[in-house]
>>> print(open('work-v5.txt').read())   # compact mmCIF, C-alpha atoms and all ligand atoms
# COMPACT_ATOMS: atom_id res chain seq x y z
CA MET V 177 1.00 19.99 -17.76
CA PRO V 178 -0.05 17.95 -14.69
CA THR V 179 -0.84 20.14 -11.69
CA LYS V 180 -1.56 17.36 -9.18
CA GLU V 181 0.97 14.75 -8.14
CA LEU V 182 -0.40 11.47 -6.85
CA LEU V 183 -3.71 9.68 -7.31
CA VAL V 184 -4.25 6.57 -5.19
CA ILE V 185 -7.15 4.36 -6.26
CA GLY V 186 -7.92 1.74 -3.68
CA GLU V 187 -9.56 0.21 -0.68
CA LEU V 188 -10.52 1.96 2.53
CA ASN V 189 -11.15 0.38 5.89
CA VAL V 190 -10.72 0.90 9.60
CA ASP V 191 -8.68 -1.37 11.86
CA LEU V 192 -10.20 -2.12 15.25
CA ILE V 193 -7.20 -3.40 17.18
CA LEU V 194 -7.67 -5.34 20.44
CA ASN V 195 -4.54 -5.72 22.57
CA GLN V 196 -3.69 -7.51 25.81
CA ILE V 197 -6.42 -10.10 25.34
CA GLU V 198 -6.86 -12.60 28.14
CA GLY V 199 -6.77 -15.89 26.19
CA PHE V 200 -8.23 -16.87 22.83
CA PRO V 201 -11.81 -16.36 21.71
CA GLU V 202 -14.04 -19.41 22.10
CA ILE V 203 -17.60 -19.94 20.94
CA GLY V 204 -20.06 -19.40 23.78
CA THR V 205 -17.63 -17.52 26.03
CA GLU V 206 -16.52 -13.94 26.52
CA ILE V 207 -12.96 -12.75 27.11
CA LEU V 208 -11.59 -9.30 27.81
CA ALA V 209 -9.07 -7.08 26.03
CA GLN V 210 -7.27 -4.49 28.14
CA LYS V 211 -6.57 -2.13 25.23
CA MET V 212 -8.48 -1.04 22.14
CA ASN V 213 -7.54 1.25 19.30
CA LEU V 214 -9.58 2.30 16.26
CA THR V 215 -7.32 3.46 13.45
CA LEU V 216 -7.13 4.02 9.70
CA GLY V 217 -6.42 0.67 8.03
CA SER V 218 -5.86 -0.55 4.46
CA SER V 219 -2.69 -0.63 2.44
CA SER V 220 -3.79 2.04 -0.05
CA ALA V 221 -4.85 4.50 2.66
CA ILE V 222 -1.61 4.05 4.62
CA MET V 223 0.42 4.64 1.46
CA ALA V 224 -1.61 7.78 0.67
CA ALA V 225 -1.46 9.11 4.25
CA ASN V 226 2.31 8.65 4.48
CA ALA V 227 2.94 10.07 1.00
CA SER V 228 1.00 13.17 2.03
CA ALA V 229 2.88 13.33 5.34
CA ILE V 230 6.21 13.50 3.46
CA GLY V 231 5.00 16.29 1.21
CA VAL V 232 3.43 14.59 -1.81
CA ASP V 233 0.26 16.25 -3.14
CA THR V 234 -2.01 13.20 -2.73
CA TYR V 235 -5.62 12.47 -3.73
CA PHE V 236 -7.61 9.34 -2.92
CA CYS V 237 -10.31 7.68 -5.03
CA GLY V 238 -12.28 5.01 -3.16
CA LEU V 239 -15.62 3.93 -1.78
CA ILE V 240 -17.02 4.01 1.78
CA GLY V 241 -20.41 3.42 3.36
CA THR V 242 -22.66 6.19 4.72
CA ASP V 243 -21.73 5.11 8.25
CA ASP V 244 -19.61 6.27 11.17
CA PHE V 245 -16.60 4.22 10.07
CA GLY V 246 -16.78 5.98 6.70
CA THR V 247 -16.75 9.35 8.45
CA PHE V 248 -13.80 8.20 10.59
CA ILE V 249 -11.88 7.20 7.43
CA LEU V 250 -12.58 10.58 5.78
CA ASN V 251 -11.52 12.49 8.88
CA SER V 252 -8.34 10.42 9.26
CA LEU V 253 -7.29 11.02 5.65
CA ASP V 254 -8.24 14.70 5.94
CA SER V 255 -6.08 15.11 9.03
CA LYS V 256 -3.14 13.69 7.07
CA GLY V 257 -3.68 16.21 4.28
CA VAL V 258 -4.92 13.63 1.75
CA LYS V 259 -7.54 15.15 -0.56
CA THR V 260 -10.75 13.16 -0.31
CA ASP V 261 -12.70 14.78 -3.18
CA PHE V 262 -12.86 11.51 -5.12
CA ILE V 263 -14.03 9.31 -2.25
CA GLN V 264 -17.63 8.33 -2.85
CA LYS V 265 -20.23 7.19 -0.34
CA THR V 266 -22.63 4.36 -1.04
CA SER V 267 -25.71 3.35 0.92
CA GLU V 268 -25.58 -0.12 -0.69
CA HIS V 269 -22.55 -1.26 1.29
CA GLN V 270 -21.08 -0.60 4.73
CA SER V 271 -17.50 0.60 5.13
CA GLY V 272 -14.84 -2.08 5.38
CA ILE V 273 -13.43 -3.05 8.77
CA THR V 274 -10.70 -5.37 10.03
CA VAL V 275 -10.95 -6.59 13.61
CA VAL V 276 -7.40 -7.33 14.72
CA MET V 277 -6.84 -9.53 17.74
CA SER V 278 -3.25 -8.81 18.63
CA TYR V 279 -1.11 -11.28 20.64
CA ASP V 280 2.48 -10.00 21.01
CA GLN V 281 3.94 -10.22 17.49
CA ASP V 282 1.07 -12.35 16.08
CA ARG V 283 -2.32 -11.16 14.99
CA ALA V 284 -5.59 -12.88 14.16
CA ASN V 285 -7.58 -10.74 11.72
CA VAL V 286 -11.19 -10.85 10.59
CA THR V 287 -12.02 -8.55 7.68
CA TYR V 288 -15.43 -7.44 6.46
CA CYS V 289 -14.80 -6.07 2.95
CA GLY V 290 -18.10 -4.24 2.33
CA ALA V 291 -17.59 -1.18 0.13
CA MET V 292 -13.97 -2.21 -0.55
CA GLU V 293 -15.22 -4.87 -2.95
CA ALA V 294 -17.68 -2.58 -4.68
CA LEU V 295 -15.36 -0.07 -6.35
CA THR V 296 -15.34 -0.84 -10.08
CA TYR V 297 -13.91 0.70 -13.25
CA GLN V 298 -17.34 2.24 -13.97
CA LYS V 299 -17.54 3.86 -10.53
CA ILE V 300 -14.19 5.64 -10.94
CA PRO V 301 -14.93 9.28 -11.94
CA TRP V 302 -12.44 9.31 -14.80
CA ALA V 303 -13.72 12.57 -16.31
CA ASP V 304 -12.73 14.40 -13.09
CA LEU V 305 -9.36 12.69 -12.70
CA THR V 306 -7.41 15.09 -14.87
CA GLY V 307 -4.06 16.75 -14.32
CA PHE V 308 -2.37 13.96 -12.33
CA LYS V 309 1.22 12.85 -12.70
CA HIS V 310 1.02 9.38 -11.17
CA LEU V 311 -1.44 6.61 -10.29
CA HIS V 312 -0.71 4.13 -7.49
CA LEU V 313 -2.89 1.08 -6.90
CA SER V 314 -2.49 -1.43 -4.09
CA ASN V 315 -4.16 -4.48 -2.56
CA PHE V 316 -5.39 -5.93 -5.85
CA PHE V 317 -6.66 -9.27 -4.56
CA ILE V 318 -9.15 -8.10 -1.95
CA GLN V 319 -10.77 -5.55 -4.28
CA LYS V 320 -13.09 -7.80 -6.25
CA GLY V 321 -14.57 -4.93 -8.30
CA ILE V 322 -11.16 -3.60 -9.28
CA ARG V 323 -9.75 -7.05 -10.04
CA GLN V 324 -11.94 -7.79 -13.01
CA ASP V 325 -11.00 -4.52 -14.75
CA ILE V 326 -7.38 -4.11 -13.72
CA VAL V 327 -6.04 -4.04 -17.29
CA LYS V 328 -8.68 -1.49 -18.32
CA ILE V 329 -7.80 0.73 -15.36
CA PHE V 330 -4.11 0.84 -16.24
CA GLU V 331 -4.91 1.32 -19.96
CA LYS V 332 -7.06 4.31 -19.00
CA ALA V 333 -4.34 5.76 -16.75
CA LYS V 334 -1.77 5.44 -19.53
CA SER V 335 -4.17 7.05 -22.02
CA LEU V 336 -4.46 9.99 -19.58
CA GLY V 337 -0.66 10.28 -19.61
CA LEU V 338 -0.03 9.11 -16.03
CA THR V 339 2.92 7.10 -14.84
CA THR V 340 1.74 4.09 -12.83
CA SER V 341 2.67 1.79 -9.96
CA LEU V 342 1.10 -1.38 -8.56
CA ASP V 343 1.60 -3.22 -5.26
CA LEU V 344 -0.44 -6.45 -5.39
CA GLN V 345 -0.09 -7.41 -1.73
CA TRP V 346 -0.82 -10.96 -0.57
CA ASP V 347 -3.70 -13.00 -1.99
CA PRO V 348 -5.78 -14.17 1.02
CA GLU V 349 -7.26 -16.93 -1.18
CA ASN V 350 -3.74 -17.96 -2.32
CA ARG V 351 -4.92 -18.30 -5.95
CA TRP V 352 -2.77 -15.50 -7.44
CA ASP V 353 -5.14 -14.95 -10.32
CA PHE V 354 -3.50 -11.79 -11.72
CA ASP V 355 -3.06 -11.40 -15.49
CA PHE V 356 0.49 -10.09 -15.23
CA LYS V 357 1.28 -10.73 -18.89
CA ASN V 358 -1.30 -8.19 -20.02
CA CYS V 359 -1.17 -5.84 -17.06
CA LEU V 360 2.52 -5.35 -16.31
CA PRO V 361 3.33 -3.70 -19.67
CA LEU V 362 1.00 -0.87 -18.53
CA VAL V 363 2.62 -0.60 -15.08
CA ASP V 364 5.75 1.54 -14.86
CA ILE V 365 6.73 0.35 -11.36
CA PHE V 366 5.66 -3.09 -10.15
CA MET V 367 6.26 -3.28 -6.38
CA PRO V 368 5.68 -6.70 -4.78
CA ASN V 369 7.63 -8.13 -1.87
CA GLN V 370 9.73 -11.23 -2.51
CA ALA V 371 7.18 -13.73 -1.17
CA GLU V 372 4.45 -12.22 -3.35
CA LEU V 373 6.64 -12.36 -6.48
CA LEU V 374 7.38 -16.05 -5.89
CA ALA V 375 3.74 -16.93 -5.17
CA LEU V 376 2.56 -15.05 -8.27
CA THR V 377 5.08 -16.63 -10.62
CA LYS V 378 5.03 -20.05 -8.87
CA LYS V 379 8.84 -20.00 -8.71
CA GLU V 380 11.26 -20.98 -5.97
CA SER V 381 13.94 -18.32 -6.17
CA LEU V 382 14.13 -14.55 -6.64
CA ASP V 383 16.10 -15.01 -9.88
CA GLN V 384 13.46 -17.32 -11.35
CA GLY V 385 10.64 -15.02 -10.24
CA LEU V 386 12.27 -12.00 -11.85
CA GLU V 387 12.93 -13.99 -15.03
CA ALA V 388 9.25 -14.96 -15.25
CA ILE V 389 8.02 -11.36 -15.22
CA ALA V 390 10.94 -9.86 -17.20
CA PRO V 391 9.29 -10.05 -20.66
CA TYR V 392 6.29 -8.05 -19.38
CA SER V 393 7.55 -5.70 -16.69
CA ASN V 394 9.01 -2.21 -17.04
CA ILE V 395 10.67 -1.48 -13.69
CA SER V 396 10.28 -4.13 -10.98
CA VAL V 397 10.95 -3.14 -7.39
CA ILE V 398 11.14 -6.03 -4.94
CA LYS V 399 10.85 -5.38 -1.21
CA LEU V 400 13.11 -7.60 0.88
CA GLY V 401 12.19 -6.71 4.49
CA ASP V 402 15.26 -6.01 6.64
CA LYS V 403 17.44 -6.86 3.61
CA GLY V 404 16.29 -3.68 1.83
CA SER V 405 15.10 -3.63 -1.77
CA LEU V 406 16.03 -4.37 -5.35
CA ALA V 407 15.08 -2.73 -8.65
CA VAL V 408 15.33 -4.29 -12.10
CA GLU V 409 15.13 -2.27 -15.30
CA ASN V 410 16.03 -3.67 -18.74
CA GLY V 411 17.81 -6.59 -17.08
CA LYS V 412 19.97 -4.28 -14.95
CA ARG V 413 19.72 -4.81 -11.19
CA ILE V 414 20.21 -2.19 -8.51
CA SER V 415 20.24 -3.17 -4.82
CA ALA V 416 19.85 -0.93 -1.80
CA ALA V 417 20.53 -2.06 1.76
CA ALA V 418 17.96 -1.47 4.48
CA PHE V 419 18.52 1.09 7.21
CA THR V 420 19.28 -0.75 10.42
CA ASN V 421 16.69 -0.57 13.14
CA ASP V 422 17.73 -2.85 15.97
CA ASN V 423 14.48 -2.46 17.86
CA PRO V 424 11.60 -2.32 15.38
CA VAL V 425 8.29 -1.71 17.17
CA ASP V 426 6.48 -3.60 14.40
CA THR V 427 6.71 -3.82 10.61
CA ILE V 428 3.03 -3.08 9.92
CA GLY V 429 2.81 -0.79 6.90
CA ALA V 430 6.56 -0.87 6.18
CA GLY V 431 5.84 -1.88 2.59
CA ASP V 432 3.29 0.90 2.09
CA SER V 433 5.66 3.43 3.66
CA PHE V 434 8.42 2.19 1.34
CA ASN V 435 6.02 2.74 -1.58
CA SER V 436 5.26 6.31 -0.49
CA GLY V 437 8.97 7.18 -0.24
CA PHE V 438 9.88 5.48 -3.52
CA ILE V 439 7.02 7.14 -5.42
CA LYS V 440 7.79 10.58 -3.93
CA LYS V 441 11.27 10.38 -5.44
CA TYR V 442 10.08 8.75 -8.69
CA ILE V 443 7.55 11.55 -9.30
CA SER V 444 10.26 14.14 -8.78
CA GLY V 445 12.48 12.51 -11.43
CA SER V 446 15.14 11.04 -9.10
CA SER V 447 17.35 8.12 -10.13
CA LEU V 448 16.29 4.56 -9.27
CA GLU V 449 19.09 4.41 -6.69
CA GLN V 450 17.67 7.48 -4.94
CA CYS V 451 14.12 6.09 -5.14
CA LEU V 452 15.19 2.79 -3.54
CA GLU V 453 17.19 4.51 -0.83
CA TYR V 454 14.36 6.86 0.14
CA GLY V 455 11.87 3.97 -0.03
CA ASN V 456 14.07 1.99 2.36
CA LEU V 457 14.36 5.00 4.66
CA MET V 458 10.58 5.45 4.83
CA GLY V 459 10.10 1.70 5.37
CA ALA V 460 12.58 1.79 8.24
CA LEU V 461 10.93 4.92 9.66
CA SER V 462 7.62 3.08 9.73
CA THR V 463 9.15 0.38 11.98
CA THR V 464 9.97 2.96 14.68
CA ALA V 465 6.34 3.36 15.84
CA ALA V 466 3.28 1.14 16.20
CA GLY V 467 1.12 0.48 13.14
CA GLY V 468 1.35 1.97 9.68
CA THR V 469 1.08 5.74 10.13
CA ALA V 470 2.18 6.67 13.67
CA ALA V 471 5.82 7.32 12.68
CA PHE V 472 4.57 9.87 10.12
CA SER V 473 2.58 12.01 12.57
CA SER V 474 4.28 15.31 11.68
CA ILE V 475 7.19 16.64 9.64
CA ASP V 476 9.04 17.55 12.87
CA THR V 477 8.69 14.01 14.26
CA ILE V 478 9.77 12.52 10.92
CA LYS V 479 12.86 14.76 10.73
CA LYS V 480 13.81 14.07 14.33
CA THR V 481 13.46 10.28 14.03
CA LEU V 482 15.35 10.14 10.74
CA LYS V 483 18.22 12.10 12.27
CA GLU V 484 18.33 10.25 15.60
CA LYS V 485 17.74 6.68 14.44
CA PHE V 486 19.17 6.63 10.93
CA ASN V 487 21.47 9.66 10.79
CA SER V 488 19.56 10.72 7.68
CA GLU V 489 17.99 13.89 6.40
CA TYR V 490 14.34 14.28 5.44
N1 LIG A 501 13.08 -4.61 10.28
C1 LIG A 501 13.35 -3.65 9.37
N2 LIG A 501 14.38 -2.81 9.55
C2 LIG A 501 14.68 -1.84 8.66
N3 LIG A 501 13.97 -1.63 7.54
C3 LIG A 501 12.90 -2.44 7.30
C4 LIG A 501 12.53 -3.49 8.20
N4 LIG A 501 11.44 -4.11 7.71
C5 LIG A 501 11.14 -3.47 6.54
N5 LIG A 501 12.02 -2.47 6.29
C6 LIG A 501 12.05 -1.57 5.12
O1 LIG A 501 10.75 -1.45 4.61
C7 LIG A 501 10.70 -1.95 3.28
C8 LIG A 501 9.39 -2.66 3.04
O2 LIG A 501 9.20 -3.67 3.99
P1 LIG A 501 8.76 -5.15 3.58
O3 LIG A 501 9.80 -5.76 2.73
O4 LIG A 501 8.38 -5.82 4.85
O5 LIG A 501 7.49 -4.86 2.66
P2 LIG A 501 6.11 -5.64 2.57
O6 LIG A 501 6.36 -7.08 2.80
O7 LIG A 501 5.45 -5.24 1.32
O8 LIG A 501 5.36 -5.01 3.82
P3 LIG A 501 3.79 -4.86 4.15
O9 LIG A 501 3.50 -6.03 5.04
O10 LIG A 501 3.72 -3.56 4.83
O11 LIG A 501 3.04 -4.90 2.86
C9 LIG A 501 11.91 -2.86 3.13
O12 LIG A 501 12.30 -2.92 1.76
C10 LIG A 501 12.93 -2.17 4.03
O13 LIG A 501 13.56 -1.12 3.34
MG MG A 502 3.40 -5.22 1.00
>>> encode(input="work-v5.txt", output="structure tokens", more="lines below")
Ligand SMILES: Nc1ncnc2c1ncn2[C@@H]1O[C@H](COP(=O)(O)OP(=O)(O)OP(=O)(O)O)[C@@H](O)[C@H]1O
Ligand SMILES: [Mg+2]
Amino acid sequence: MPTKELLVIGELNVDLILNQIEGFPEIGTEILAQKMNLTLGSSSAIMAANASAIGVDTYFCGLIGTDDFGTFILNSLDSKGVKTDFIQKTSEHQSGITVVMSYDQDRANVTYCGAMEALTYQKIPWADLTGFKHLHLSNFFIQKGIRQDIVKIFEKAKSLGLTTSLDLQWDPENRWDFDFKNCLPLVDIFMPNQAELLALTKKESLDQGLEAIAPYSNISVIKLGDKGSLAVENGKRISAAAFTNDNPVDTIGAGDSFNSGFIKKYISGSSLEQCLEYGNLMGALSTTAAGGTAAFSSIDTIKKTLKEKFNSEY
């Protein structure tokens, strides 16, 4: 019998966010930012942090450098209750970082991948990863070490008896080189957003995109932004409307928050309708505060916001 709930295998980085910047950077000049914030970044870490915040027993397996950013990442995950036992440190690579230059709703990002690219199938401590119910993996394209062995990773997880989910995220190189025909049969819940599904399948409409993956996918869950989400299982479609938030602060991490809510319910054996609804609720919750994790700062804050903004229970 599994005794641990969720294992997230994935990338770890910090976000260094510069706000209120006076103009745009130019070679040979210096400009000033009036605000700076160093925070936990990366899709996988945000999903894990928010899953833990809503009561899922969550463990992270990843790679960081032996540097201060690595320590910051460990402390951030620790403070969210995520178990960091399977996070390894390497002196060969520095921890990943994204420098975010934020201009109102637009952002210019520069990412240094470092250790994020160096996690491979061989480096995952499989012998220690026993007793889990579920594996979630996110941000496939930027993890070069994980990419080459993605089928092997999901085969291994299935052989260990885990249920599995995958959120590809966007491909920064726009090549969409993901072997979905061989991988999706091993993924219980495939969770792209609509734009990612269309780019992956090279199709123009949601219907065509879903048709292209149908022969290979088990359950597909498509995130539709403020339109909510859609699940497809054995050709049957279930839609769930988004919770209305008239004044979203930003939508950073909404998809990862959706994933944490959906997977919480999925692990506990809820129906797909309930999983979608709770995913939507957590996605909407994420839009009520800046960045990916701020809305999940404590159970009391979560309960209060859900009640006040969405008339919903935790
Ligand atoms: N403006 C919004 N208002 C209410 N709910 C929202 C809003 N934006 C997103 N959501 C909720 O969050 C879920 C996930 O958001 P979205 O579709 O943007 O995912 P994503 O594109 O994968 O996001 P990310 O950029 O975080 O990876 C949606 O399905 C919806 O339920
Ligand atoms: Mg996403």
>>> residues_near_ligand(input="work-v5.txt", ligand="ligand LIG 501 (chain A)", cutoff="6 Å", atoms="all atoms listed in the file", output="PyMOL selection string")
chain V and resi 369+399-402+404-405+418-421+424+427-432+434+456+459-460
>>> residues_near_ligand(input="work-v5.txt", ligand="ligand MG 502 (chain A)", cutoff="12 Å", atoms="all atoms listed in the file", output="PyMOL selection string")
chain V and resi 218-220+222-223+313-316+342-347+366-373+397-401+427-436+459+468
>>> write_last_selection(input="work-v5.txt", atoms="C-alpha atoms", output="PDB file, keeping the file's coordinate frame")
ATOM      1  CA  SER V 218      -5.860  -0.550   4.460  1.00  0.00           C
ATOM      2  CA  SER V 219      -2.690  -0.630   2.440  1.00  0.00           C
ATOM      3  CA  SER V 220      -3.790   2.040  -0.050  1.00  0.00           C
ATOM      4  CA  ILE V 222      -1.610   4.050   4.620  1.00  0.00           C
ATOM      5  CA  MET V 223       0.420   4.640   1.460  1.00  0.00           C
ATOM      6  CA  LEU V 313      -2.890   1.080  -6.900  1.00  0.00           C
ATOM      7  CA  SER V 314      -2.490  -1.430  -4.090  1.00  0.00           C
ATOM      8  CA  ASN V 315      -4.160  -4.480  -2.560  1.00  0.00           C
ATOM      9  CA  PHE V 316      -5.390  -5.930  -5.850  1.00  0.00           C
ATOM     10  CA  LEU V 342       1.100  -1.380  -8.560  1.00  0.00           C
ATOM     11  CA  ASP V 343       1.600  -3.220  -5.260  1.00  0.00           C
ATOM     12  CA  LEU V 344      -0.440  -6.450  -5.390  1.00  0.00           C
ATOM     13  CA  GLN V 345      -0.090  -7.410  -1.730  1.00  0.00           C
ATOM     14  CA  TRP V 346      -0.820 -10.960  -0.570  1.00  0.00           C
ATOM     15  CA  ASP V 347      -3.700 -13.000  -1.990  1.00  0.00           C
ATOM     16  CA  PHE V 366       5.660  -3.090 -10.150  1.00  0.00           C
ATOM     17  CA  MET V 367       6.260  -3.280  -6.380  1.00  0.00           C
ATOM     18  CA  PRO V 368       5.680  -6.700  -4.780  1.00  0.00           C
ATOM     19  CA  ASN V 369       7.630  -8.130  -1.870  1.00  0.00           C
ATOM     20  CA  GLN V 370       9.730 -11.230  -2.510  1.00  0.00           C
ATOM     21  CA  ALA V 371       7.180 -13.730  -1.170  1.00  0.00           C
ATOM     22  CA  GLU V 372       4.450 -12.220  -3.350  1.00  0.00           C
ATOM     23  CA  LEU V 373       6.640 -12.360  -6.480  1.00  0.00           C
ATOM     24  CA  VAL V 397      10.950  -3.140  -7.390  1.00  0.00           C
ATOM     25  CA  ILE V 398      11.140  -6.030  -4.940  1.00  0.00           C
ATOM     26  CA  LYS V 399      10.850  -5.380  -1.210  1.00  0.00           C
ATOM     27  CA  LEU V 400      13.110  -7.600   0.880  1.00  0.00           C
ATOM     28  CA  GLY V 401      12.190  -6.710   4.490  1.00  0.00           C
ATOM     29  CA  THR V 427       6.710  -3.820  10.610  1.00  0.00           C
ATOM     30  CA  ILE V 428       3.030  -3.080   9.920  1.00  0.00           C
ATOM     31  CA  GLY V 429       2.810  -0.790   6.900  1.00  0.00           C
ATOM     32  CA  ALA V 430       6.560  -0.870   6.180  1.00  0.00           C
ATOM     33  CA  GLY V 431       5.840  -1.880   2.590  1.00  0.00           C
ATOM     34  CA  ASP V 432       3.290   0.900   2.090  1.00  0.00           C
ATOM     35  CA  SER V 433       5.660   3.430   3.660  1.00  0.00           C
ATOM     36  CA  PHE V 434       8.420   2.190   1.340  1.00  0.00           C
ATOM     37  CA  ASN V 435       6.020   2.740  -1.580  1.00  0.00           C
ATOM     38  CA  SER V 436       5.260   6.310  -0.490  1.00  0.00           C
ATOM     39  CA  GLY V 459      10.100   1.700   5.370  1.00  0.00           C
ATOM     40  CA  GLY V 468       1.350   1.970   9.680  1.00  0.00           C
TER      41      GLY V 468
END
>>> residues_near_point(input="work-v5.txt", point="(1.5, 5.2, -11.6)", cutoff="7 Å", atoms="only C-alpha atoms", output="ChimeraX atom specification")
/V:310-312,338-341,363-364
>>> residues_around(input="work-v5.txt", residues="Val408 of chain V", least_positions_apart="2", cutoff="10 Å", atoms="only C-alpha atoms", output="list in words")
Ile365, Phe366, Leu386, Ala390, Ser393, Asn394, Ile395, Ser396, Val397, Ile398, Leu406, Asn410, Gly411, Lys412, Arg413, Ile414, Ser415 and Leu448 of chain V
>>> closest_residue(input="work-v5.txt", among="V:Asp244, V:Lys299, V:Gly217, V:Thr205", to="Asp325 of chain V", atoms="all atoms listed in the file")
V:Lys299
>>> atom_distance(input="work-v5.txt", atom1="atom CA of Thr287 of chain V", atom2="atom CA of Ala465 of chain V")
23.4 Å
